[in-house]
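I have placed the structure first, in the form of structure tokens, so that the comments after it can refer back to it.
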2 protein chains.
Amino acid sequence: MPQGDLAHKDARTAILDAAERLFAELGYGGASMRAIAREAGVNQALVHYYFDSKDGLFSAVIERRAGDINLRRDDGLDALLAGGTPNLEAVVEALLRPTIELGHDDARGGAHYAKLIVALANGSDGRSRLLTSRHYDAIARRYIDALQTALPGLDRPSAVRGYLYCIGVALSVMARTGRAATLSDGVCDDDDPDVIIARVVPFLCAGLRALVVSGRSGAAGPTPTAQSS
Amino acid sequence: MPQGDLAHKDARTAILDAAERLFAELGYGGASMRAIAREAGVNQALVHYYFDSKDGLFSAVIERRAGDINLRRDDGLDALLAGGTPNLEAVVEALLRPTIELGHDDARGGAHYAKLIVALANGSDGRSRLLTSRHYDAIARRYIDALQTALPGLDRPSAVRGYLYCIGVALSVMARTGRAATLSDGVCDDDDPDVIIARVVPFLCAGLRALVVSGRSGAAGPTPTAQSS
DNA sequence: GTCTATAGTTCGATAGAC
DNA sequence: GTCTATCGAACTATAGAC
């Protein structure tokens, strides 16, 4: 029952899900259209019918998730700005929560989304840059503005860099390489998004506040603050 | 230098260089043995002669760079520890400088190394995990120890996570996605490793110090410090 | 060590029936 | 919208001459 049955996953969605999974696990070059079709349980020609080419399929996979994430990020920021000058912690949390939550929601394929977005955001090839810019430039600029609003004295270049540091840490957490568990001999096996966010936000906000101080001295010097030791 | 000619790049090295470049730009699945051989200017069968398989070649590419980086990191830490209790900023800089410097040394193929190490460190596939663990576990544990020495009160799990946050930011900087330039409309076009390190180290150290404070309250709560606003 | 030649698969994409 | 069939190219890897 392909037309009108809500319980049935239609072919298009099945292809997107399969593609997301295989692109995430094997990379763009490693995932084949044949394997994607097989995983989706559809004919290979149908993938081309819906998405034209491998590139078109990849774009569609990214677009589906980016739309969801950016909607949540926009809403989060709208809510914060409606209440006057927002708190820095709240801004950083509003930025990271949607993607970290989705990335850990394995019932919704979060692990695959996470691997994919990490590879996309850190990719410097043409395809990654194009898609990242297309889907994330606007929301990034909104949040960079918000960082400056929440943290007076943070100049524009520092806000841009600070934003990217936040994204960098979020990506490293979402990558789920199992490295924390390995290096802590099993003590750190963090899976709850709330706990992850609660740990990462104070780290990032302290760093962002330090950018205000060190940003004042221009570009030079390692600024050996050393308030302890 | 196989037959005594220093100016001549031998086949093995040429293959490693070509492989590094193509693995970096096209990913493991996207780079073919044929293309690597062509880029290296050698016969395709020669690649198998030296490295057996595609997997063996990839391992060799990673191993060459990891050896270099870890030597520098070990030396840096040895020097610091010889002078008594090290400064936190110095530890973080010793950790990041070797990889950031190499990643920006384009005369030595730094851009390719950078892309490769970013993909490796953020990869959650079996190959990435195996190679990362094999080449970076020992040095990671040394630096996690050093973070605890330089920052009394930082418990082990927090030190592990803090270490990974530092690596995460370093990777995001090394990825050179061109995103800082895009989002700042060309103002941020950071290429000098010294400048990058000078900016990133204070950010990370402030974050690490915040881990001591927030680590005290256990795992719960978003710890709304909010010293501003 | 370096080469040619090739076996045996798998690839992305399309044409055309239904 | 879904299928079969297939083209032409690219793939990893190996056998074997030199």
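Residue numbers start at 1 in each chain; chains themselves are named A, B, ... in the order of the structure tokens; ligands are numbered from 1 in the order shown.
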
| request: Within 9 Å of chain C, which residues of chain B are there when counting only C-alpha atoms (C1' of nucleotides)? Please give them as a list in words. | output: Val42, Asn43, Ala45, Leu46 and Tyr49 of chain B

Go ahead and write the residues just picked, all heavy atoms, as a short mmCIF file (atom, residue, chain, number, x, y, z; two decimals), in the first residue's frame.
data_model
loop_
_atom_site.label_atom_id
_atom_site.label_comp_id
_atom_site.auth_asym_id
_atom_site.auth_seq_id
_atom_site.Cartn_x
_atom_site.Cartn_y
_atom_site.Cartn_z
N VAL B 42 53.60 5.80 -11.02
CA VAL B 42 54.11 4.43 -11.01
C VAL B 42 53.04 3.49 -11.53
O VAL B 42 51.87 3.86 -11.68
CB VAL B 42 54.52 3.99 -9.59
CG1 VAL B 42 55.54 4.95 -9.00
CG2 VAL B 42 53.31 3.85 -8.69
N ASN B 43 53.44 2.27 -11.76
CA ASN B 43 52.49 1.27 -12.22
C ASN B 43 51.57 0.83 -11.08
O ASN B 43 51.96 0.80 -9.92
CB ASN B 43 53.26 0.07 -12.75
CG ASN B 43 52.34 -0.91 -13.43
OD1 ASN B 43 51.70 -1.71 -12.76
ND2 ASN B 43 52.24 -0.81 -14.74
N ALA B 45 50.45 -2.06 -10.31
CA ALA B 45 50.85 -3.29 -9.60
C ALA B 45 51.89 -3.00 -8.53
O ALA B 45 52.00 -3.72 -7.53
CB ALA B 45 51.38 -4.31 -10.59
N LEU B 46 52.63 -1.91 -8.72
CA LEU B 46 53.68 -1.57 -7.77
C LEU B 46 53.09 -1.16 -6.41
O LEU B 46 53.70 -1.39 -5.37
CB LEU B 46 54.53 -0.43 -8.33
CG LEU B 46 55.96 -0.35 -7.82
CD1 LEU B 46 56.70 -1.64 -8.12
CD2 LEU B 46 56.69 0.82 -8.44
N TYR B 49 52.57 -4.21 -4.64
CA TYR B 49 53.84 -4.80 -4.25
C TYR B 49 54.33 -4.20 -2.92
O TYR B 49 54.79 -4.91 -2.03
CB TYR B 49 54.88 -4.58 -5.35
CG TYR B 49 56.29 -4.92 -4.94
CD1 TYR B 49 56.70 -6.25 -4.89
CD2 TYR B 49 57.18 -3.93 -4.57
CE1 TYR B 49 57.99 -6.58 -4.50
CE2 TYR B 49 58.47 -4.25 -4.18
CZ TYR B 49 58.87 -5.58 -4.14
OH TYR B 49 60.15 -5.89 -3.76
#

If you take only C-alpha atoms (C1' of nucleotides) and a cut-off of 9 Å, which residues of chain D touch chain B, and what are their nearest atom pairs and distances in Å to one decimal, in chain and number order, as CSV?
residue,atom,partner,partner_atom,distance
D:DC11,C1',B:Ser32,CA,7.5
D:DT12,C1',B:Met33,CA,7.7
D:DA13,C1',B:His48,CA,8.0
D:DT14,C1',B:Ala45,CA,8.9

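Proximity of B:Ala31, B:Ile69, B:Leu131, B:Val92 to chain A, computed with only C-alpha atoms, is greatest for B:Ala31.
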
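Selected on chain A by distance to chain B: Gly29, Gly30, Asn122, Ser124, Tyr165, Gly168, Val169, Ser172, Ala175, Thr177, Ala198, Phe203, Leu204, Ala206, Gly207, Ala210 and Pro222 of chain A (within 6 Å, counting only C-alpha atoms).
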
Kindly export the residues of the current selection with C-alpha atoms, as a short mmCIF file (atom, residue, chain, number, x, y, z; two decimals), in the first residue's frame.
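Just written: out.cif:
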data_model
loop_
_atom_site.label_atom_id
_atom_site.label_comp_id
_atom_site.auth_asym_id
_atom_site.auth_seq_id
_atom_site.Cartn_x
_atom_site.Cartn_y
_atom_site.Cartn_z
CA GLY A 29 32.54 7.21 -2.34
CA GLY A 30 32.07 3.97 -0.46
CA ASN A 122 34.42 18.91 8.49
CA SER A 124 36.58 20.61 2.61
CA TYR A 165 34.76 26.36 18.12
CA GLY A 168 33.73 21.88 16.51
CA VAL A 169 33.22 20.59 20.03
CA SER A 172 33.50 15.90 18.22
CA ALA A 175 31.09 11.73 16.21
CA THR A 177 34.07 7.48 18.10
CA ALA A 198 25.19 20.10 30.55
CA PHE A 203 33.14 24.54 28.83
CA LEU A 204 32.22 26.49 25.73
CA ALA A 206 33.99 29.85 29.63
CA GLY A 207 35.99 29.70 26.43
CA ALA A 210 37.94 34.26 27.40
CA PRO A 222 49.84 33.65 23.74
#

Test item: residues at most 10 Å from Asp55 of chain B, only C-alpha atoms (C1' of nucleotides), excluding those fewer than 4 positions along its chain, as number ranges by chain | B: 28, 51, 59-61, 127

Export N, CA, C and O atoms of the chosen residues as a CSV table (one decimal), in the first residue's frame?
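Dumped everything to result22.csv:
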chain,number,residue,atom,x,y,z
B,28,TYR,N,38.3,7.5,1.6
B,28,TYR,CA,38.8,6.2,1.3
B,28,TYR,C,38.1,5.5,0.2
B,28,TYR,O,38.8,4.9,-0.7
B,51,PHE,N,52.5,-2.2,-0.7
B,51,PHE,CA,51.5,-2.1,0.4
B,51,PHE,C,50.4,-3.2,0.5
B,51,PHE,O,49.5,-3.1,1.3
B,59,SER,N,46.8,2.4,5.9
B,59,SER,CA,47.4,2.3,7.2
B,59,SER,C,48.8,3.0,7.2
B,59,SER,O,49.2,3.7,8.1
B,60,ALA,N,49.5,2.7,6.1
B,60,ALA,CA,50.9,3.2,6.0
B,60,ALA,C,50.9,4.7,5.9
B,60,ALA,O,51.8,5.4,6.4
B,61,VAL,N,49.9,5.3,5.2
B,61,VAL,CA,49.8,6.7,5.1
B,61,VAL,C,49.6,7.4,6.5
B,61,VAL,O,50.3,8.3,6.9
B,127,ARG,N,37.9,0.9,10.6
B,127,ARG,CA,39.2,1.3,10.2
B,127,ARG,C,39.7,2.5,10.9
B,127,ARG,O,40.9,2.5,11.5

note - atom CA of Asn70 of chain A and atom CA of Pro98 of chain A are separated by 8.3 Å

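Interatomic distance, atom CA of Ala66 of chain B to atom CA of Glu39 of chain B: 22.9 Å.
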
*Tell me, which residues of segment 17-161 of chain B carry DSSP helix (DSSP H, G or I), written as a PyMOL selection string?*
chain B and resi 17-30+33-40+44-51+54-82+88-103+106-108+110-122+126-150+156-161

Could you name the residues that touch Arg38 of chain A at 10 Å or less, counting only C-alpha atoms (C1' of nucleotides), but leaving out those on the same chain fewer than 6 positions away, as a PyMOL selection string? chain A and resi 15+18+32+44

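Distance-wise, atom CA of Arg108 of chain B and atom CA of Asp17 of chain B end up 9.7 Å apart.
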
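Between Gly67 of chain A and the candidates A:Arg134, A:Ala111, A:Asp155, A:Gly84, the tightest atom-to-atom separation, counting only C-alpha atoms, involves A:Arg134.
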